[in-house]
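Chemist: You'll find data_32.txt just under this line, and it carries compact mmCIF, C-alpha atoms.
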# COMPACT_ATOMS: atom_id res chain seq x y z
CA MET F 474 0.00 0.00 0.00
CA GLU F 475 2.86 2.39 0.85
CA PHE F 476 4.60 1.97 -2.50
CA LEU F 477 1.28 2.26 -4.38
CA THR F 478 0.49 5.55 -2.64
CA LEU F 479 3.97 6.93 -3.34
CA GLY F 480 3.76 5.68 -6.93
CA ILE F 481 0.49 7.55 -7.53
CA PHE F 482 2.04 10.70 -6.06
CA CYS F 483 5.07 10.41 -8.36
CA THR F 484 2.73 9.92 -11.32
CA LEU F 485 0.87 13.10 -10.41
CA LEU F 486 4.14 15.03 -10.31
CA ILE F 487 5.15 13.67 -13.72
CA VAL F 488 1.76 14.58 -15.21
CA CYS F 489 2.16 18.17 -13.98
CA ILE F 490 5.61 18.35 -15.59
CA ILE F 491 4.41 16.97 -18.93
CA THR F 492 1.31 19.18 -19.06
CA GLY F 493 3.10 22.27 -17.81
CA LYS F 494 0.74 22.68 -14.86
CA SER F 495 1.86 24.20 -11.57
CA ILE F 496 3.56 21.77 -9.22
CA LEU F 497 1.16 23.00 -6.53
CA TYR F 498 -1.63 20.93 -8.10
CA ALA F 499 0.36 17.73 -7.60
CA LEU F 500 1.43 18.74 -4.10
CA SER F 501 -2.16 19.52 -3.07
CA ALA F 502 -3.34 16.22 -4.52
CA GLY F 503 -0.50 14.53 -2.65
CA LEU F 504 -1.70 15.99 0.63
CA ILE F 505 -5.15 14.51 0.01
CA LEU F 506 -3.59 11.20 -1.02
CA PHE F 507 -1.38 10.90 2.06
CA SER F 508 -4.26 11.96 4.30
CA LEU F 509 -6.37 9.13 2.85
CA TYR F 510 -3.48 6.75 3.51
CA GLY F 511 -3.41 7.93 7.14
CA LYS F 512 -7.16 7.37 7.37
CA GLN F 513 -6.74 3.86 5.96
CA GLN F 514 -4.13 3.22 8.68
CA GLY F 515 -6.76 3.95 11.34
CA TYR F 516 -6.06 7.58 12.19
CA THR F 517 -8.94 10.05 12.57
CA TRP F 518 -9.21 13.15 10.41
CA LYS F 519 -8.48 15.23 13.50
CA GLU F 520 -5.27 13.30 14.13
CA ILE F 521 -4.23 13.60 10.49
CA GLY F 522 -4.83 17.35 10.59
CA ARG F 523 -2.70 17.58 13.73
CA MET F 524 0.09 15.64 11.98
CA ALA F 525 0.02 18.05 9.05
CA LEU F 526 0.06 21.09 11.32
CA GLN F 527 2.97 19.67 13.31
CA GLY F 528 4.92 19.37 10.06
CA VAL F 529 4.13 22.98 9.11
CA GLY F 530 5.07 24.08 12.62
CA LYS F 531 8.63 22.91 12.01
CA VAL F 532 9.11 25.52 9.29
CA LYS F 533 7.11 28.45 10.70
CA ASN F 534 10.30 30.47 11.11
CA ILE F 535 11.10 29.87 7.46
CA LEU F 536 7.73 31.28 6.42
CA VAL F 537 8.42 34.48 8.36
CA THR F 538 11.84 34.65 6.72
CA PHE F 539 10.23 34.27 3.27
CA VAL F 540 8.20 37.43 3.93
CA LEU F 541 11.36 39.31 4.93
CA ILE F 542 13.21 38.06 1.84
CA GLY F 543 10.37 39.24 -0.42
CA ILE F 544 10.46 42.70 1.17
CA LEU F 545 14.25 42.82 1.08
CA THR F 546 14.59 41.92 -2.59
CA ALA F 547 12.03 44.56 -3.58
CA LEU F 548 13.78 47.27 -1.57
CA TRP F 549 17.23 46.35 -2.90
CA ARG F 550 15.91 46.82 -6.42
CA GLN F 551 14.22 50.15 -5.68
CA ALA F 552 17.13 51.47 -3.58
CA GLY F 553 19.53 50.85 -6.46
CA THR F 554 21.56 48.34 -4.44
CA ILE F 555 21.53 45.65 -7.10
CA SER F 556 22.12 48.22 -9.83
CA ALA F 557 25.12 49.60 -7.93
CA ILE F 558 26.61 46.13 -7.49
CA ILE F 559 26.27 45.54 -11.22
CA CYS F 560 27.68 48.96 -12.18
CA TYR F 561 30.70 48.64 -9.89
CA THR F 562 31.57 45.13 -11.02
CA VAL F 563 30.61 44.96 -14.69
CA HIS F 564 33.80 46.75 -15.82
CA LEU F 565 35.76 43.74 -14.55
CA ILE F 566 34.36 41.59 -17.34
CA ARG F 567 36.54 41.02 -20.40
CA PRO F 568 36.27 38.33 -23.11
CA SER F 569 39.45 36.67 -21.79
CA THR F 570 37.94 36.33 -18.31
CA PHE F 571 34.23 36.32 -19.15
CA LEU F 572 33.20 32.89 -17.89
CA LEU F 573 35.25 33.26 -14.72
CA MET F 574 33.79 36.70 -13.94
CA THR F 575 30.27 35.51 -14.78
CA PHE F 576 30.70 32.74 -12.22
CA LEU F 577 32.20 35.06 -9.58
CA LEU F 578 29.64 37.85 -10.05
CA ASN F 579 26.77 35.41 -9.75
CA CYS F 580 28.44 33.93 -6.65
CA LEU F 581 28.70 37.40 -5.12
CA VAL F 582 25.12 38.48 -5.79
CA SER F 583 23.65 35.13 -4.73
CA VAL F 584 25.57 35.25 -1.43
CA LEU F 585 24.30 38.80 -0.80
CA THR F 586 20.69 38.13 -1.80
CA GLY F 587 20.39 34.43 -0.89
CA THR F 588 18.31 33.66 -3.94
CA ALA F 589 19.40 31.66 -6.97
CA LEU F 590 16.35 32.61 -9.03
CA GLY F 591 16.64 36.30 -8.14
CA THR F 592 20.36 36.32 -8.97
CA ALA F 593 19.74 34.63 -12.32
CA ALA F 594 17.04 37.20 -13.09
CA THR F 595 19.38 40.14 -12.34
CA ILE F 596 23.14 39.74 -12.73
CA GLY F 597 22.56 36.46 -14.60
CA VAL F 598 20.52 38.24 -17.27
CA VAL F 599 23.17 40.98 -17.43
CA CYS F 600 25.97 38.44 -17.95
CA ALA F 601 23.94 36.57 -20.56
CA THR F 602 23.28 39.83 -22.42
CA MET F 603 26.96 40.76 -22.43
CA GLY F 604 28.03 37.24 -23.35
CA THR F 605 25.71 37.21 -26.34
CA ALA F 606 27.10 40.57 -27.45
CA LEU F 607 30.62 39.15 -27.14
CA GLY F 608 29.71 36.10 -29.23
CA ILE F 609 30.18 33.53 -26.44
CA SER F 610 28.18 30.29 -26.57
CA SER F 611 24.96 30.54 -24.56
CA TRP F 612 25.35 27.05 -23.08
CA MET F 613 28.69 28.02 -21.55
CA ILE F 614 27.21 31.22 -20.16
CA GLY F 615 24.25 29.29 -18.75
CA GLY F 616 26.53 26.76 -17.06
CA ALA F 617 28.63 29.47 -15.41
CA ILE F 618 25.50 31.27 -14.24
CA LEU F 619 23.98 28.07 -12.84
CA SER F 620 27.19 27.31 -10.94
CA GLY F 621 27.34 30.82 -9.51
CA VAL F 622 23.74 31.28 -8.44
CA TYR F 623 23.72 28.00 -6.52
CA PHE F 624 27.04 28.73 -4.86
CA GLY F 625 25.27 31.48 -2.90
CA ASP F 626 21.94 29.68 -2.70
CA ARG F 627 23.82 26.97 -0.83
CA CYS F 628 25.80 29.06 1.66
CA SER F 629 24.19 32.49 2.05
CA PRO F 630 22.86 33.28 5.54
CA VAL F 631 19.68 34.61 3.91
CA SER F 632 19.19 31.68 1.53
CA THR F 633 15.84 29.94 1.87
CA SER F 634 17.43 26.54 1.24
CA ALA F 635 20.18 27.11 3.84
CA LEU F 636 17.61 28.28 6.38
CA LEU F 637 15.35 25.32 5.59
CA VAL F 638 18.20 22.85 6.10
CA ALA F 639 19.12 24.52 9.40
CA GLU F 640 15.50 24.34 10.54
CA LEU F 641 15.07 20.69 9.57
CA THR F 642 18.33 19.57 11.19
CA GLU F 643 17.99 21.88 14.22
CA THR F 644 21.40 23.43 13.59
CA SER F 645 22.82 26.94 13.35
CA VAL F 646 22.87 28.34 9.84
CA TYR F 647 26.19 30.05 10.62
CA GLU F 648 27.81 26.81 11.80
CA ASN F 649 26.50 25.15 8.66
CA ILE F 650 27.98 27.89 6.48
CA LYS F 651 31.35 27.44 8.16
CA ASN F 652 31.28 23.72 7.28
CA MET F 653 30.01 24.43 3.77
CA ILE F 654 32.86 26.82 3.08
CA LYS F 655 35.35 24.14 4.12
CA SER F 656 33.86 21.53 1.81
CA ALA F 657 33.54 24.01 -1.08
CA VAL F 658 37.09 25.42 -1.17
CA PHE F 659 38.57 22.90 -3.59
CA PRO F 660 35.53 22.68 -5.93
CA PHE F 661 35.32 26.49 -5.99
CA VAL F 662 39.00 26.99 -6.80
CA PHE F 663 39.01 24.24 -9.42
CA THR F 664 35.87 25.68 -11.03
CA CYS F 665 37.55 29.10 -11.23
CA ILE F 666 40.63 27.57 -12.86
CA VAL F 667 38.59 25.73 -15.49
CA TYR F 668 36.38 28.73 -16.32
CA PHE F 669 39.46 30.98 -16.57
CA THR F 670 41.27 28.48 -18.81
CA VAL F 671 38.28 28.16 -21.13
CA SER F 672 37.76 31.94 -21.14
CA MET F 673 41.33 32.49 -22.28
CA GLN F 674 40.49 30.58 -25.46
CA LEU F 675 37.53 32.85 -26.25
CA HIS F 676 37.74 35.97 -28.39
CA GLY F 677 35.35 38.88 -28.08
CA LYS F 678 33.87 40.52 -31.14
CA ALA F 679 31.84 43.40 -29.70
CA GLU F 680 31.88 46.08 -27.06
CA ILE F 681 30.31 45.43 -23.65
CA PRO F 682 26.98 47.28 -23.27
CA ASP F 683 27.15 50.46 -21.16
CA LEU F 684 25.04 49.20 -18.26
CA ALA F 685 26.06 52.09 -16.02
CA TYR F 686 24.41 54.49 -18.49
CA ILE F 687 21.26 52.35 -18.58
CA PHE F 688 20.88 52.15 -14.78
CA LYS F 689 21.80 55.78 -14.14
CA SER F 690 18.80 56.82 -16.20
CA GLU F 691 16.58 55.51 -13.40
CA PHE F 692 18.79 55.30 -10.28
CA TRP F 693 21.25 57.50 -8.49
CA ILE F 694 24.26 55.20 -8.13
CA SER F 695 26.76 55.77 -5.31
CA TRP F 696 28.31 54.03 -2.32
CA ILE F 697 25.23 54.99 -0.28
CA THR F 698 23.07 52.62 -2.33
CA LEU F 699 25.36 49.75 -1.31
CA LEU F 700 24.62 50.24 2.40
CA PRO F 701 21.73 47.70 2.59
CA ALA F 702 24.08 45.01 1.25
CA VAL F 703 26.93 46.11 3.55
CA VAL F 704 24.64 46.01 6.60
CA ILE F 705 23.46 42.47 5.98
CA LEU F 706 27.00 41.32 5.19
CA VAL F 707 28.48 42.83 8.35
CA LEU F 708 25.71 41.52 10.61
CA SER F 709 26.03 38.06 9.04
CA VAL F 710 29.77 38.04 9.75
CA MET F 711 28.96 39.10 13.33
CA LYS F 712 26.55 36.13 13.51
CA ALA F 713 23.53 38.26 14.23
CA GLY F 714 20.22 36.47 13.76
CA VAL F 715 19.16 36.06 10.15
CA LYS F 716 15.86 37.85 10.69
CA ALA F 717 17.64 40.62 12.59
CA ALA F 718 20.17 41.06 9.77
CA MET F 719 17.47 41.21 7.12
CA SER F 720 15.34 43.57 9.21
CA ALA F 721 18.33 45.92 9.64
CA SER F 722 18.94 45.87 5.88
CA ILE F 723 15.26 46.63 5.27
CA VAL F 724 15.37 49.57 7.69
CA THR F 725 18.51 50.85 5.94
CA ALA F 726 17.01 50.48 2.44
CA ILE F 727 13.69 52.29 3.05
CA PRO F 728 15.13 55.82 3.56
CA ILE F 729 17.45 55.28 0.57
CA CYS F 730 14.44 54.44 -1.60
CA ILE F 731 12.63 57.59 -0.44
CA ALA F 732 15.40 60.16 0.06
CA VAL F 733 17.99 59.02 -2.50
CA GLN F 734 15.91 57.43 -5.27
CA HIS F 735 12.97 59.83 -4.70
CA MET F 736 10.29 57.16 -4.45
CA PRO F 737 6.97 58.60 -3.20
CA VAL F 738 6.18 57.34 0.31
CA GLN F 739 2.68 56.25 -0.74
CA LYS F 740 4.23 53.74 -3.16
CA LEU F 741 6.08 51.90 -0.38
CA PRO F 742 3.23 49.45 0.55
CA GLY F 743 2.81 48.47 -3.11
CA LEU F 744 6.56 47.98 -3.49
CA LEU F 745 6.76 45.74 -0.42
CA LEU F 746 3.77 43.67 -1.50
CA MET F 747 4.12 43.42 -5.29
CA GLY F 748 7.83 44.14 -5.80
CA TYR F 749 9.73 46.52 -8.04
CA HIS F 750 8.47 47.32 -11.55
CA SER F 751 10.17 49.67 -13.99
CA ALA F 752 8.55 51.48 -16.89
CA ASP F 753 11.83 51.14 -18.80
CA LEU F 754 11.65 47.83 -20.67
CA THR F 755 15.42 47.32 -20.61
CA ILE F 756 15.66 47.82 -16.85
CA ALA F 757 12.44 45.88 -16.28
CA GLY F 758 13.93 42.84 -18.01
CA MET F 759 16.84 42.86 -15.57
CA LEU F 760 15.37 44.09 -12.30
CA ASN F 761 11.60 43.59 -12.08
CA GLY F 762 10.59 41.34 -9.19
CA GLY F 763 10.75 40.87 -5.45
CA GLY F 764 8.01 41.66 -2.97
CA ILE F 765 5.97 39.47 -0.63
CA ALA F 766 3.88 38.25 -3.58
CA SER F 767 6.99 36.74 -5.18
CA MET F 768 7.37 34.42 -2.18
CA LEU F 769 3.78 33.14 -2.08
CA LYS F 770 4.37 30.20 -4.39
CA VAL F 771 7.53 28.98 -2.67
CA GLY F 772 5.80 29.55 0.68
CA ALA F 773 2.88 27.38 -0.43
CA ILE F 774 5.29 24.68 -1.63
CA VAL F 775 7.07 24.68 1.73
CA CYS F 776 3.78 24.61 3.69
CA ILE F 777 2.35 21.67 1.78
CA SER F 778 5.66 19.80 1.64
CA SER F 779 6.24 20.25 5.36
CA SER F 780 2.74 18.97 6.12
CA TYR F 781 3.82 15.71 4.46
CA SER F 782 6.65 15.26 6.95
CA GLY F 783 4.25 15.16 9.91
CA ILE F 784 2.03 12.59 8.18
CA PHE F 785 5.02 10.52 6.99
CA GLN F 786 6.52 10.42 10.46
CA LYS F 787 3.37 9.23 12.22
CA THR F 788 2.05 6.83 9.57
CA GLY F 789 5.44 5.28 8.74
CA ILE F 790 4.76 5.42 5.00
CA LEU F 791 8.46 5.95 4.29
CA ASP F 792 9.77 3.30 6.68
CA GLY F 793 10.45 0.79 3.90
CA LEU F 794 12.40 3.32 1.84
CA GLN F 795 14.26 4.51 4.93
CA LYS F 796 15.47 0.97 5.62
CA MET F 797 16.76 0.70 2.05
CA VAL F 798 18.62 4.00 2.39
CA TYR F 799 20.08 2.97 5.75
CA THR F 800 21.27 -0.34 4.30
CA LEU F 801 22.93 1.52 1.42
CA ALA F 802 24.65 3.84 3.92
CA GLU F 803 25.97 0.89 5.91
CA LYS F 804 27.40 -0.80 2.83
CA THR F 805 28.93 2.34 1.34
CA GLN F 806 29.05 5.64 3.28
CA PRO F 807 26.38 7.99 4.68
CA TYR F 808 27.05 10.79 2.22
CA PHE F 809 26.80 8.44 -0.77
CA ALA F 810 23.39 7.23 0.46
CA VAL F 811 22.20 10.82 0.96
CA LEU F 812 23.46 11.82 -2.51
CA VAL F 813 21.74 8.89 -4.24
CA THR F 814 18.52 9.68 -2.38
CA ALA F 815 18.80 13.36 -3.28
CA ILE F 816 19.19 12.51 -6.97
CA LEU F 817 16.01 10.41 -6.87
CA THR F 818 13.99 12.95 -4.86
CA SER F 819 15.14 15.79 -7.14
CA VAL F 820 14.08 13.86 -10.24
CA ILE F 821 10.68 13.14 -8.69
CA ALA F 822 9.99 16.35 -6.75
CA CYS F 823 10.83 18.79 -9.58
CA ASN F 824 11.63 21.50 -7.06
CA GLN F 825 14.44 22.07 -4.60
CA THR F 826 12.31 22.55 -1.48
CA LEU F 827 10.47 19.23 -1.67
CA ALA F 828 13.69 17.44 -2.65
CA ILE F 829 15.38 18.78 0.51
CA MET F 830 12.49 17.78 2.75
CA LEU F 831 12.11 14.29 1.28
CA THR F 832 15.86 13.67 1.46
CA ASP F 833 15.86 14.78 5.09
CA GLN F 834 12.91 12.51 5.87
CA LEU F 835 14.52 9.47 4.24
CA CYS F 836 18.13 9.96 5.34
CA SER F 837 18.00 11.51 8.81
CA LYS F 838 19.05 8.24 10.47
CA THR F 839 22.14 7.74 8.33
CA GLU F 840 24.20 10.32 10.26
CA SER F 841 23.91 11.03 14.01
CA ASP F 842 25.88 14.30 13.88
CA ASN F 843 23.33 16.98 12.94
CA LEU F 844 25.93 19.46 11.69
CA ARG F 845 27.47 16.82 9.48
CA PHE F 846 24.08 15.74 8.19
CA ALA F 847 23.18 19.36 7.44
CA ASN F 848 26.32 19.57 5.31
CA PHE F 849 25.30 16.35 3.55
CA LEU F 850 21.90 17.88 2.67
CA GLU F 851 23.48 21.10 1.42
CA ASP F 852 25.94 19.19 -0.75
CA SER F 853 23.30 16.89 -2.20
CA ALA F 854 19.65 17.97 -2.47
CA VAL F 855 20.44 21.69 -2.66
CA ILE F 856 22.89 21.42 -5.56
CA VAL F 857 21.51 18.33 -7.33
CA ALA F 858 18.05 19.82 -7.99
CA PRO F 859 19.51 22.44 -10.43
CA LEU F 860 20.99 19.61 -12.50
CA VAL F 861 17.56 18.13 -13.27
CA PRO F 862 16.41 19.78 -16.54
CA TRP F 863 12.69 19.69 -15.66
CA SER F 864 13.19 20.99 -12.12
CA ILE F 865 12.16 24.56 -11.31
CA ALA F 866 15.65 25.01 -9.83
CA CYS F 867 17.16 24.43 -13.28
CA ALA F 868 14.53 25.63 -15.73
CA VAL F 869 13.86 29.07 -14.23
CA PRO F 870 17.49 30.35 -14.07
CA LEU F 871 18.31 29.05 -17.56
CA THR F 872 15.11 30.47 -19.01
CA ALA F 873 15.86 33.85 -17.42
CA ALA F 874 19.35 33.76 -18.96
CA GLY F 875 18.07 32.56 -22.32
CA ALA F 876 20.33 29.50 -22.10
CA PRO F 877 19.53 25.97 -23.36
CA GLY F 878 18.85 23.04 -21.05
CA TYR F 879 22.13 21.34 -21.83
CA SER F 880 23.90 24.22 -20.07
CA ILE F 881 23.84 21.92 -17.04
CA LEU F 882 26.80 20.12 -18.64
CA PHE F 883 28.94 23.20 -17.97
CA ALA F 884 27.70 23.86 -14.41
CA LEU F 885 31.04 22.58 -13.11
CA PHE F 886 30.73 23.60 -9.45
CA LEU F 887 27.55 21.55 -9.03
CA TYR F 888 29.38 18.41 -10.18
CA LEU F 889 32.70 18.98 -8.47
CA LEU F 890 31.20 19.56 -5.02
CA PRO F 891 29.58 16.12 -4.56
CA VAL F 892 32.55 14.37 -6.20
CA TRP F 893 34.91 16.10 -3.78
CA ASP F 894 32.64 15.22 -0.85
CA LEU F 895 32.61 11.57 -1.87
CA LEU F 896 36.40 11.61 -1.68
CA MET F 897 36.41 13.53 1.61
CA PHE F 898 33.91 11.29 3.34
CA ARG F 899 34.98 7.98 1.81
CA LYS F 900 36.35 6.63 5.09
CA ARG F 901 33.40 7.73 7.18
CA LYS F 902 31.00 4.91 8.09
CA ILE F 903 27.88 5.03 10.26
Written as structure tokens, that's how I'd like the structure from this file.

Modeler:
Amino acid sequence: MEFLTLGIFCTLLIVCIITGKSILYALSAGLILFSLYGKQQGYTWKEIGRMALQGVGKVKNILVTFVLIGILTALWRQAGTISAIICYTVHLIRPSTFLLMTFLLNCLVSVLTGTALGTAATIGVVCATMGTALGISSWMIGGAILSGVYFGDRCSPVSTSALLVAELTETSVYENIKNMIKSAVFPFVFTCIVYFTVSMQLHGKAEIPDLAYIFKSEFWISWITLLPAVVILVLSVMKAGVKAAMSASIVTAIPICIAVQHMPVQKLPGLLLMGYHSADLTIAGMLNGGGIASMLKVGAIVCISSSYSGIFQKTGILDGLQKMVYTLAEKTQPYFAVLVTAILTSVIACNQTLAIMLTDQLCSKTESDNLRFANFLEDSAVIVAPLVPWSIACAVPLTAAGAPGYSILFALFLYLLPVWDLLMFRKRKI
């Protein structure tokens, strides 16, 4: 019965992918399906509802953080923070270093903003535009962008995936980041070397667009507009709470929007709710977005997915699969078992959030050290999901950058990290 129920759920996910329907339809149907399974196991509807609410309760802090992230990303756009970052760094890009700088710039912005999709839609689009003008293959550009945006998505203190992993494993996001930096040093350096070597073989054939001129038509660009990013970076280094750091950045950005960028005060509620929208089509293509509304879908995905965990835990629907994973971990190594599970959940789930939660549910018993297990999750489910062509984590960034699906072949960092971890953890048994 367990495998039949899970099989129907997987089928629903696949149907949504094929038909192009929102993944929320499959997730909602899955909630009904798993609730019916709980009922068949003898639980009352009241008990099943309590299970679901207990699962959602585990991620309530994440939902609050989502709201703050939506507000923050809107304000950074309106305050000119993202524009300033682009203007001050874009001159570093040359044909001979293009792929390397594309990777590094996307790393930088994703660490500051904590969002892979938002980074791809801003600096990613900028890099893709310049790369096209320089005559560089779009699949190479897409691979460098994908590597960069998920570097920060993995280890930013304001990343939704990093915060979700910390919440699920009951660990400190800052301790997790410290471990993630250690495991990422070699893959990061090697990725830089490869991108630089390949870039040296490329030859530009056009001038880089004057992005500073484009942005200065709508924003006043100066060091002041960088303050919201500086505040969150400094407070993160000081290990202030994530919500406190984001709140401080929000408080810093609001007066800049009003006093420096001359945004009318009455437009502030709309900006916070619906995000930034420019009348200039060129700027709109690079910066539009953010706001609480932008986080509603991912918030709904997390709510529904987390409700599964409460039902799964009480009904034992995943017990059979958990035993298989545990056996694999005993015969090989814990990280290998987590990685294999993450590949399967990413292929099935089609989104990073559900892949993380399912991998956590199935693999939590393979490693007793929570910090270590958190690192396993970050170096598996978080970075494997972008390598699945039909996953939101892959499709959205590449679509934003106008890159083909096979760009995943050049997303070197996402391959090197798990390979390096397999070598690092090869002697570690449970």

Chemist: With distances taken over only C-alpha atoms, which of F:Gly615, F:Gly553, F:Gly878, F:Pro660 is nearest to Ala685 (chain F)?

Modeler: F:Gly553

Chemist: How close does region 713-818 of chain F get to region 506-530 of chain F? List, as a Markdown table, each residue of region 713-818 of chain F within 10 Å, its nearest atom pair and the distance in Å to one decimal, counting all atoms listed in the file.

Modeler:
| residue | atom | partner | partner_atom | distance |
| --- | --- | --- | --- | --- |
| F:Val775 | CA | F:Val529 | CA | 8.1 |
| F:Cys776 | CA | F:Val529 | CA | 5.7 |
| F:Ile777 | CA | F:Val529 | CA | 7.7 |
| F:Ser778 | CA | F:Val529 | CA | 8.3 |
| F:Ser779 | CA | F:Gly528 | CA | 5.0 |
| F:Ser780 | CA | F:Ala525 | CA | 4.1 |
| F:Tyr781 | CA | F:Ala525 | CA | 6.4 |
| F:Ser782 | CA | F:Gly528 | CA | 5.4 |
| F:Gly783 | CA | F:Gly528 | CA | 4.3 |
| F:Ile784 | CA | F:Met524 | CA | 5.2 |
| F:Phe785 | CA | F:Phe507 | CA | 8.1 |
| F:Gln786 | CA | F:Met524 | CA | 8.4 |
| F:Lys787 | CA | F:Met524 | CA | 7.2 |
| F:Thr788 | CA | F:Gly511 | CA | 6.1 |
| F:Gly789 | CA | F:Gly511 | CA | 9.4 |
| F:Ile790 | CA | F:Tyr510 | CA | 8.5 |

Chemist: Tell me which protein, DNA and RNA residues are within 12 Å of Val892 (chain F), counting only C-alpha atoms, leaving out same-chain ones fewer than 4 positions away, and put them as an mmCIF file with C-alpha atoms, in the frame of the given file.

Modeler:
data_model
loop_
_atom_site.group_PDB
_atom_site.id
_atom_site.type_symbol
_atom_site.label_atom_id
_atom_site.label_comp_id
_atom_site.auth_asym_id
_atom_site.auth_seq_id
_atom_site.Cartn_x
_atom_site.Cartn_y
_atom_site.Cartn_z
ATOM 1 C CA SER F 656 33.860 21.530 1.810
ATOM 2 C CA ALA F 657 33.540 24.010 -1.080
ATOM 3 C CA PHE F 659 38.570 22.900 -3.590
ATOM 4 C CA PRO F 660 35.530 22.680 -5.930
ATOM 5 C CA TYR F 808 27.050 10.790 2.220
ATOM 6 C CA PHE F 809 26.800 8.440 -0.770
ATOM 7 C CA LEU F 812 23.460 11.820 -2.510
ATOM 8 C CA ASP F 852 25.940 19.190 -0.750
ATOM 9 C CA SER F 853 23.300 16.890 -2.200
ATOM 10 C CA ILE F 856 22.890 21.420 -5.560
ATOM 11 C CA VAL F 857 21.510 18.330 -7.330
ATOM 12 C CA LEU F 885 31.040 22.580 -13.110
ATOM 13 C CA PHE F 886 30.730 23.600 -9.450
ATOM 14 C CA LEU F 887 27.550 21.550 -9.030
ATOM 15 C CA TYR F 888 29.380 18.410 -10.180
ATOM 16 C CA LEU F 896 36.400 11.610 -1.680
ATOM 17 C CA MET F 897 36.410 13.530 1.610
ATOM 18 C CA PHE F 898 33.910 11.290 3.340
ATOM 19 C CA ARG F 899 34.980 7.980 1.810
#

Chemist: Counting only C-alpha atoms, which residue out of F:Thr575, F:Thr586, F:Gln834, F:Ser501 sits closest to Ala601 (chain F)?

Modeler: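 With only C-alpha atoms as the atom set, the closest residue is F:Thr575.
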
Chemist: Leu619 (chain F): which residues within 9 Å, counting only C-alpha atoms, same-chain residues fewer than 6 positions away excluded, as a list in words?

Modeler: Phe576, Asn579, Ala589, Ala593, Gly597, Pro859, Leu860, Cys867, Pro870, Leu871, Ser880, Ile881, Phe883, Ala884, Leu885, Phe886 and Leu887 of chain F

Chemist: Keeping C-alpha atoms for every residue in the selection just given, could you write it to a file as an mmCIF file, keeping the file's coordinate frame?

Modeler:
data_model
loop_
_atom_site.group_PDB
_atom_site.id
_atom_site.type_symbol
_atom_site.label_atom_id
_atom_site.label_comp_id
_atom_site.auth_asym_id
_atom_site.auth_seq_id
_atom_site.Cartn_x
_atom_site.Cartn_y
_atom_site.Cartn_z
ATOM 1 C CA PHE F 576 30.700 32.740 -12.220
ATOM 2 C CA ASN F 579 26.770 35.410 -9.750
ATOM 3 C CA ALA F 589 19.400 31.660 -6.970
ATOM 4 C CA ALA F 593 19.740 34.630 -12.320
ATOM 5 C CA GLY F 597 22.560 36.460 -14.600
ATOM 6 C CA PRO F 859 19.510 22.440 -10.430
ATOM 7 C CA LEU F 860 20.990 19.610 -12.500
ATOM 8 C CA CYS F 867 17.160 24.430 -13.280
ATOM 9 C CA PRO F 870 17.490 30.350 -14.070
ATOM 10 C CA LEU F 871 18.310 29.050 -17.560
ATOM 11 C CA SER F 880 23.900 24.220 -20.070
ATOM 12 C CA ILE F 881 23.840 21.920 -17.040
ATOM 13 C CA PHE F 883 28.940 23.200 -17.970
ATOM 14 C CA ALA F 884 27.700 23.860 -14.410
ATOM 15 C CA LEU F 885 31.040 22.580 -13.110
ATOM 16 C CA PHE F 886 30.730 23.600 -9.450
ATOM 17 C CA LEU F 887 27.550 21.550 -9.030
#

Chemist: Using 6 Å of padding on each side, determine the axis-aligned box around all atoms of region 726-741 of chain F present in the file and give its centre and edge lengths in Å to one decimal, as AutoDock Vina command-line options.

Modeler:
--center_x 10.3 --center_y 55.3 --center_z -0.9 --size_x 27.3 --size_y 21.7 --size_z 20.8

Chemist: Pick from F:Pro862, F:Gly875, F:Gly543, F:Pro568: nearest to Leu745 (chain F), with all atoms listed in the file counted?

Modeler: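 That would be F:Gly543, the residue with the smallest distance to Leu745 (chain F).
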
Chemist: Could you check which of F:Tyr561, F:Tyr686, F:Trp549, F:Trp893 is closest to Ile729 (chain F), using all atoms listed in the file?

Modeler: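 Under the stated criterion, the closest residue is F:Trp549.
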
Chemist: Excluding Ile816 (chain F) and residues on its chain fewer than 5 positions from it, collect all residues at most 12 Å away from it, counting all atoms listed in the file, and give them as a PyMOL selection string.

Modeler: chain F and resi 809-811+821-825+828-829+831-832+850+852-861+864+891

Chemist: As an exercise, work out the distance from CA of Thr664 (chain F) to CA of Ser583 (chain F) in Å and give it to one decimal place.

Modeler: 16.7 Å

Chemist: Could you list, as number ranges by chain, every residue within 12 Å of Cys489 (chain F), counting all atoms listed in the file and ignoring same-chain residues fewer than 4 positions away?

Modeler: F: 482-485, 493-502, 821-823, 863-864

Chemist: Find the residue from F:Val584, F:Leu572, F:Ala557, F:Ala866 that sits nearest to Thr670 (chain F); use all atoms listed in the file when measuring.

Modeler: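 With all atoms listed in the file as the atom set, the closest residue is F:Leu572.
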
Chemist: Just how far from CA of Leu835 (chain F) is CA of Leu794 (chain F), in Å to one decimal?

Modeler: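 Distance reported for this atom pair: 6.9 Å.
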
Chemist: Go through F:Val738, F:Val658, F:Ala547, F:Ile535 one by one, measure the shortest atom-to-atom distance of each to Ala773 (chain F) using all atoms listed in the file, and give the residue with the smallest value.

Modeler: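 Looking at the shortest contact to Ala773 (chain F), the residue is F:Ile535.
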
Chemist: Might you pull out every residue within 12 Å of Trp693 (chain F), with all atoms listed in the file counted and same-chain residues fewer than 4 positions away left off, and present them as JSON, numbers by chain?

Modeler: {"F": [551, 552, 553, 554, 555, 556, 557, 560, 685, 686, 687, 688, 689, 697, 698, 699, 729, 730, 731, 732, 733, 734, 735, 736]}

Chemist: Rounded to one decimal in Å, what is the spacing between CA of Thr800 (chain F) and CA of Glu475 (chain F)?

Modeler: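 Separating CA of Thr800 (chain F) from CA of Glu475 (chain F) is a distance of 18.9 Å.
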